[in-house]
$ cat query38.txt   # compact mmCIF, C-alpha atoms
# COMPACT_ATOMS: atom_id res chain seq x y z
CA MET A 29 -20.25 3.96 10.57
CA VAL A 30 -18.23 2.99 13.62
CA GLY A 31 -15.39 0.51 13.34
CA VAL A 32 -13.72 -1.87 15.75
CA ASP A 33 -10.20 -3.21 16.08
CA LYS A 34 -9.81 -6.61 14.46
CA GLN A 35 -7.10 -9.23 14.47
CA VAL A 36 -5.57 -10.43 11.22
CA THR A 37 -4.42 -13.91 10.32
CA GLY A 38 -0.80 -14.92 10.74
CA LYS A 39 2.04 -15.25 13.21
CA LYS A 40 3.81 -12.10 11.97
CA PRO A 41 1.35 -10.23 9.70
CA GLY A 42 2.45 -7.47 7.42
CA LEU A 43 2.17 -5.89 3.99
CA LEU A 44 4.23 -5.84 0.82
CA PHE A 45 3.80 -2.39 -0.77
CA VAL A 46 5.04 -1.89 -4.34
CA ASN A 47 4.71 1.53 -5.99
CA SER A 48 5.92 1.50 -9.58
CA LYS A 49 6.29 3.40 -12.82
CA ILE A 50 7.22 2.69 -16.40
CA THR A 51 10.66 4.20 -17.08
CA LYS A 52 10.80 3.56 -20.83
CA PRO A 53 7.34 4.33 -22.23
CA ASP A 54 8.74 4.14 -25.76
CA GLN A 55 9.37 0.42 -25.16
CA LEU A 56 6.68 -0.58 -22.67
CA SER A 57 3.10 0.63 -22.94
CA PRO A 58 0.70 0.79 -19.96
CA GLU A 59 -1.30 -2.00 -21.59
CA ALA A 60 1.75 -4.27 -21.95
CA TYR A 61 2.77 -3.48 -18.38
CA ALA A 62 -0.67 -4.43 -17.08
CA ASP A 63 -0.58 -7.60 -19.15
CA TRP A 64 2.78 -8.60 -17.61
CA TYR A 65 1.57 -7.78 -14.11
CA ASN A 66 -1.79 -9.53 -14.34
CA LYS A 67 -0.93 -12.56 -16.48
CA ARG A 68 2.68 -13.27 -15.56
CA HIS A 69 3.92 -11.56 -12.42
CA ILE A 70 1.03 -12.16 -10.04
CA PRO A 71 0.61 -15.80 -11.13
CA ASP A 72 4.36 -16.26 -10.47
CA ILE A 73 3.88 -14.73 -7.01
CA PHE A 74 0.95 -17.06 -6.30
CA LYS A 75 3.16 -20.07 -7.03
CA THR A 76 4.94 -19.31 -3.74
CA SER A 77 3.57 -20.04 -0.29
CA GLY A 78 3.59 -16.59 1.29
CA ILE A 79 1.09 -14.47 -0.66
CA LYS A 80 -2.57 -15.35 -1.13
CA GLN A 81 -4.03 -12.02 -2.25
CA ALA A 82 -2.99 -9.10 -4.43
CA ALA A 83 -4.64 -5.82 -5.34
CA ARG A 84 -3.58 -3.38 -8.04
CA TRP A 85 -4.37 0.33 -8.05
CA GLN A 86 -3.74 3.38 -10.22
CA ALA A 87 -3.16 6.95 -9.01
CA LEU A 88 -5.95 9.48 -9.43
CA ASP A 89 -3.39 12.19 -10.13
CA PRO A 90 -2.21 11.73 -13.74
CA ASN A 91 1.01 13.57 -12.88
CA GLN A 92 2.00 11.29 -10.00
CA ASP A 93 5.55 10.05 -10.47
CA ARG A 94 4.71 6.43 -9.60
CA PRO A 95 1.14 5.85 -10.74
CA TYR A 96 0.84 2.12 -10.05
CA LEU A 97 0.43 0.51 -6.65
CA ALA A 98 0.30 -3.17 -5.73
CA LEU A 99 -0.60 -4.31 -2.21
CA TYR A 100 0.00 -7.81 -0.91
CA PRO A 101 -1.21 -8.75 2.61
CA LEU A 102 1.13 -11.13 4.42
CA GLU A 103 0.55 -13.64 7.18
CA ASP A 104 4.27 -13.89 7.88
CA LEU A 105 6.54 -10.95 7.20
CA ASP A 106 9.57 -13.24 7.32
CA TYR A 107 8.42 -14.75 4.02
CA LEU A 108 9.96 -11.70 2.33
CA ASN A 109 13.40 -12.94 3.38
CA SER A 110 12.81 -16.44 2.04
CA ASP A 111 14.51 -18.02 -0.97
CA GLU A 112 11.18 -18.62 -2.69
CA PHE A 113 10.27 -14.94 -2.53
CA LYS A 114 13.69 -13.91 -3.83
CA ALA A 115 13.33 -16.43 -6.68
CA ILE A 116 10.15 -14.87 -8.14
CA PRO A 117 11.06 -14.23 -11.80
CA VAL A 118 11.75 -10.69 -12.96
CA HIS A 119 12.46 -11.69 -16.58
CA ASP A 120 9.92 -12.41 -19.29
CA ASP A 121 10.70 -13.11 -22.96
CA ASN A 122 7.62 -11.07 -23.91
CA LEU A 123 9.09 -7.92 -22.37
CA PRO A 124 11.19 -5.65 -24.61
CA GLY A 125 14.96 -5.70 -24.83
CA SER A 126 16.65 -8.07 -22.41
CA GLY A 127 13.31 -9.18 -20.98
CA ALA A 128 14.20 -7.77 -17.54
CA ILE A 129 11.33 -5.80 -16.03
CA PHE A 130 13.79 -3.57 -14.15
CA ASP A 131 15.13 -2.31 -17.50
CA VAL A 132 11.78 -0.74 -18.39
CA ALA A 133 10.11 -0.10 -15.02
CA SER A 134 11.08 1.00 -11.51
CA PHE A 135 9.66 -0.41 -8.28
CA ASP A 136 9.60 1.33 -4.89
CA THR A 137 9.27 -1.78 -2.72
CA ARG A 138 8.50 -1.56 0.99
CA TYR A 139 7.99 -4.14 3.73
CA TYR A 140 5.60 -3.16 6.51
CA ALA A 141 4.71 -4.78 9.82
CA PHE A 142 1.04 -4.83 10.76
CA GLU A 143 -0.05 -2.34 13.43
CA GLN A 144 -3.86 -2.06 13.41
CA LEU A 145 -6.96 -2.98 11.42
CA TYR A 146 -10.05 -0.87 12.05
CA GLU A 147 -13.26 -1.73 10.23
CA PRO A 148 -16.98 -2.37 10.83
CA GLU A 149 -18.09 -5.61 12.48
CA GLU A 150 -19.42 -6.75 9.10
CA THR A 151 -17.70 -5.74 5.88
CA LYS A 152 -17.20 -6.80 2.28
CA ASN A 153 -14.16 -8.64 0.96
CA ASP A 154 -14.07 -7.37 -2.62
CA GLN A 155 -11.70 -4.61 -3.70
CA PRO A 156 -12.79 -1.14 -2.52
CA ASP A 157 -13.06 1.62 -5.10
CA PHE A 158 -10.32 3.81 -3.63
CA VAL A 159 -7.40 3.70 -1.25
CA ILE A 160 -5.77 6.75 0.33
CA ALA A 161 -2.16 5.93 1.20
CA CYS A 162 -0.81 8.18 3.97
CA GLY A 163 2.84 8.04 4.95
CA PHE A 164 3.80 9.83 8.17
CA THR A 165 6.90 10.36 10.25
CA PRO A 166 5.61 12.00 13.44
CA SER A 167 7.61 13.98 15.96
CA ASP A 168 6.01 11.99 18.78
CA ASP A 169 5.27 8.33 17.98
CA ALA A 170 3.25 7.73 21.12
CA GLU A 171 0.96 10.74 20.62
CA TYR A 172 0.58 9.83 16.96
CA ASP A 173 -0.68 6.37 17.94
CA ARG A 174 -3.01 7.76 20.61
CA TRP A 175 -4.43 10.30 18.17
CA TYR A 176 -5.36 7.56 15.74
CA ARG A 177 -6.81 5.20 18.32
CA GLU A 178 -8.62 7.77 20.47
CA SER A 179 -10.11 10.11 17.87
CA HIS A 180 -8.88 10.12 14.28
CA LEU A 181 -10.06 6.65 13.25
CA ARG A 182 -13.54 7.45 14.47
CA GLU A 183 -13.51 10.73 12.53
CA VAL A 184 -12.52 8.94 9.32
CA SER A 185 -15.02 6.12 9.87
CA GLU A 186 -17.88 8.64 9.77
CA ILE A 187 -17.00 9.74 6.23
CA THR A 188 -19.37 8.56 3.50
CA GLY A 189 -18.12 5.42 1.78
CA TRP A 190 -15.48 4.48 4.34
CA ARG A 191 -14.77 0.72 4.24
CA ARG A 192 -11.79 0.14 6.55
CA THR A 193 -8.40 1.44 7.67
CA GLY A 194 -5.12 -0.44 8.03
CA ARG A 195 -2.02 0.85 9.81
CA TYR A 196 1.56 -0.36 9.36
CA VAL A 197 5.16 0.30 10.43
CA LEU A 198 8.02 0.39 7.90
CA GLN A 199 10.62 -2.38 8.20
CA PHE A 200 12.58 -2.19 4.95
CA ALA A 201 12.59 -0.35 1.62
CA ARG A 202 14.52 -0.55 -1.62
CA GLU A 203 14.30 0.16 -5.34
CA ASN A 204 13.95 -2.89 -7.57
CA ARG A 205 16.29 -5.55 -6.16
CA LYS A 206 19.21 -3.24 -5.57
CA ALA A 207 21.48 -3.64 -2.57
CA ALA A 208 20.91 -1.18 0.25
CA GLY A 209 23.94 0.88 -0.69
CA ASP A 210 22.73 1.30 -4.28
CA ASN A 211 19.24 2.48 -3.35
CA GLU A 212 18.54 5.84 -5.00
CA LEU A 213 15.18 6.39 -3.31
CA ALA A 214 14.73 8.55 -0.24
CA LYS A 215 13.79 6.66 2.92
CA PRO A 216 9.99 6.46 3.16
CA PRO A 217 8.01 7.75 6.15
CA LYS A 218 8.01 5.53 9.24
CA PHE A 219 4.28 4.79 9.33
CA LEU A 220 1.74 3.92 6.65
CA THR A 221 -2.04 4.25 6.87
CA LEU A 222 -4.35 2.89 4.19
CA HIS A 223 -7.90 4.27 4.20
CA TYR A 224 -10.25 2.34 1.90
CA PHE A 225 -13.42 3.86 0.46
CA ASP A 226 -16.32 2.81 -1.76
CA GLY A 227 -18.28 5.02 -4.13
CA ALA A 228 -18.23 6.64 -7.54
CA ALA A 229 -16.03 9.43 -6.16
CA LEU A 230 -14.36 10.35 -2.90
CA PRO A 231 -16.28 12.80 -0.63
CA GLU A 232 -13.61 15.49 -0.71
CA ALA A 233 -15.44 17.97 1.55
CA GLU A 234 -15.94 15.32 4.25
CA LEU A 235 -12.32 14.20 3.98
CA ALA A 236 -11.12 17.75 4.46
CA LYS A 237 -13.41 18.21 7.45
CA SER A 238 -12.02 15.10 9.15
CA GLY A 239 -8.77 16.96 9.68
CA GLU A 240 -10.28 20.10 11.19
CA SER A 241 -10.27 19.06 14.85
CA GLU A 242 -7.72 20.76 17.08
CA ARG A 243 -5.98 17.48 17.82
CA SER A 244 -5.76 16.51 14.15
CA GLN A 245 -4.36 19.87 13.18
CA LYS A 246 -1.81 19.71 15.99
CA ASN A 247 -0.63 16.25 14.97
CA MET A 248 -0.44 17.10 11.29
CA ALA A 249 1.50 20.29 11.97
CA ALA A 250 4.04 18.32 14.01
CA MET A 251 4.76 15.73 11.31
CA LYS A 252 8.38 15.52 10.21
CA GLU A 253 7.29 14.04 6.89
CA THR A 254 3.95 13.54 5.16
CA GLN A 255 3.21 11.70 1.90
CA ILE A 256 -0.37 11.26 0.72
CA ALA A 257 -1.54 9.67 -2.53
CA ILE A 258 -4.95 8.51 -3.73
CA PHE A 259 -5.46 5.46 -5.93
CA LYS A 260 -8.47 3.95 -7.69
CA LYS A 261 -9.00 0.24 -8.05
CA LEU A 262 -7.71 -1.72 -11.03
CA SER A 263 -8.02 -5.39 -10.06
CA GLN A 264 -7.91 -7.84 -7.18
CA PHE A 265 -6.55 -11.38 -7.27
CA ASN A 266 -7.05 -14.25 -4.85
CA LYS A 267 -5.04 -17.44 -4.76
$ encode --input "query38.txt" --output "structure tokens"
Amino acid sequence: MVGVDKQVTGKKPGLLFVNSKITKPDQLSPEAYADWYNKRHIPDIFKTSGIKQAARWQALDPNQDRPYLALYPLEDLDYLNSDEFKAIPVHDDNLPGSGAIFDVASFDTRYYAFEQLYEPEETKNDQPDFVIACGFTPSDDAEYDRWYRESHLREVSEITGWRRTGRYVLQFARENRKAAGDNELAKPPKFLTLHYFDGAALPEAELAKSGESERSQKNMAAMKETQIAIFKKLSQFNK
């Protein structure tokens, strides 16, 4: 299936990427965490003007340090600097202890600017079954971009179940709502690619083959940093 470049809505489109984990499992169960996310946190987010869609995912690898991922497409990246975004509640009386979510969970929060959307002319709008999140810091940004646009996206689009691919550039990252100087997380890779797939399972042999071309191997070998994680769908929300 061949894709095409598409425009996205908004004057300054981007993505809010939130990768989280429960830090006190003796106090907060996965079920209670999901209940807070789905019934309290996302409705609070939707009360603001800047986010109209949310999707939650869970890592396929049970040993992944941060197993939960939330993705929020943005029409205006500057919304993330607004007072209404900063005022989204992070306390809930139904949470244990002080009621502060940051006391029982940790959030790796990243702001990304939109770079490219590649998908078929006609596609579905429901939540895909899987997303492969690829973080890269290349040694040559220009060649990295050419590789994607000239060959790699087409290679990936031919894999069974491929739905679409989105590409982004990191603008900001922090843990919870800590000040920059208090951030304990390592700086994420510069670029993010999200490959979305449908199906009961990912076609692992085809995915491996997509990286066998000489150009793909050369680009991957030259990466300064690579982070890849696979998530399965949990739920999608629309405002």
$ residues_around --input "query38.txt" --residues "Pro90 of chain A" --least-positions-apart "5" --cutoff "12 Å" --atoms "all atoms listed in the file" --output "PDB file with C-alpha atoms, in the coordinates of the input"
ATOM      1  CA  LYS A  49       6.290   3.400 -12.820  1.00  0.00           C
ATOM      2  CA  PRO A  95       1.140   5.850 -10.740  1.00  0.00           C
ATOM      3  CA  TYR A  96       0.840   2.120 -10.050  1.00  0.00           C
ATOM      4  CA  ALA A 257      -1.540   9.670  -2.530  1.00  0.00           C
ATOM      5  CA  ILE A 258      -4.950   8.510  -3.730  1.00  0.00           C
ATOM      6  CA  PHE A 259      -5.460   5.460  -5.930  1.00  0.00           C
ATOM      7  CA  LYS A 260      -8.470   3.950  -7.690  1.00  0.00           C
TER       8      LYS A 260
END
$ closest_atom_pairs --input "query38.txt" --of "segment 135-166 of chain A" --to "segment 185-198 of chain A" --cutoff "6 Å" --atoms "all atoms listed in the file" --output "JSON lines"
{"residue": "A:Tyr140", "atom": "CA", "partner": "A:Leu198", "partner_atom": "CA", "distance": 4.5}
{"residue": "A:Ala141", "atom": "CA", "partner": "A:Val197", "partner_atom": "CA", "distance": 5.1}
{"residue": "A:Phe142", "atom": "CA", "partner": "A:Tyr196", "partner_atom": "CA", "distance": 4.7}
{"residue": "A:Glu143", "atom": "CA", "partner": "A:Tyr196", "partner_atom": "CA", "distance": 4.8}
{"residue": "A:Gln144", "atom": "CA", "partner": "A:Arg195", "partner_atom": "CA", "distance": 5.0}
{"residue": "A:Leu145", "atom": "CA", "partner": "A:Gly194", "partner_atom": "CA", "distance": 4.6}
{"residue": "A:Tyr146", "atom": "CA", "partner": "A:Thr193", "partner_atom": "CA", "distance": 5.2}
{"residue": "A:Glu147", "atom": "CA", "partner": "A:Arg192", "partner_atom": "CA", "distance": 4.4}
$ write_last_selection --input "query38.txt" --atoms "C-alpha atoms" --output "PDB file, in the coordinates of the input"
ATOM      1  CA  TYR A 140       5.600  -3.160   6.510  1.00  0.00           C
ATOM      2  CA  ALA A 141       4.710  -4.780   9.820  1.00  0.00           C
ATOM      3  CA  PHE A 142       1.040  -4.830  10.760  1.00  0.00           C
ATOM      4  CA  GLU A 143      -0.050  -2.340  13.430  1.00  0.00           C
ATOM      5  CA  GLN A 144      -3.860  -2.060  13.410  1.00  0.00           C
ATOM      6  CA  LEU A 145      -6.960  -2.980  11.420  1.00  0.00           C
ATOM      7  CA  TYR A 146     -10.050  -0.870  12.050  1.00  0.00           C
ATOM      8  CA  GLU A 147     -13.260  -1.730  10.230  1.00  0.00           C
TER       9      GLU A 147
END
$ atom_distance --input "query38.txt" --atom1 "atom CA of Lys39 of chain A" --atom2 "atom CA of Arg205 of chain A"
25.9 Å
$ atom_distance --input "query38.txt" --atom1 "atom CA of Ala82 of chain A" --atom2 "atom CA of Ser126 of chain A"
26.6 Å
$ atom_distance --input "query38.txt" --atom1 "atom CA of Tyr65 of chain A" --atom2 "atom CA of Glu112 of chain A"
18.4 Å
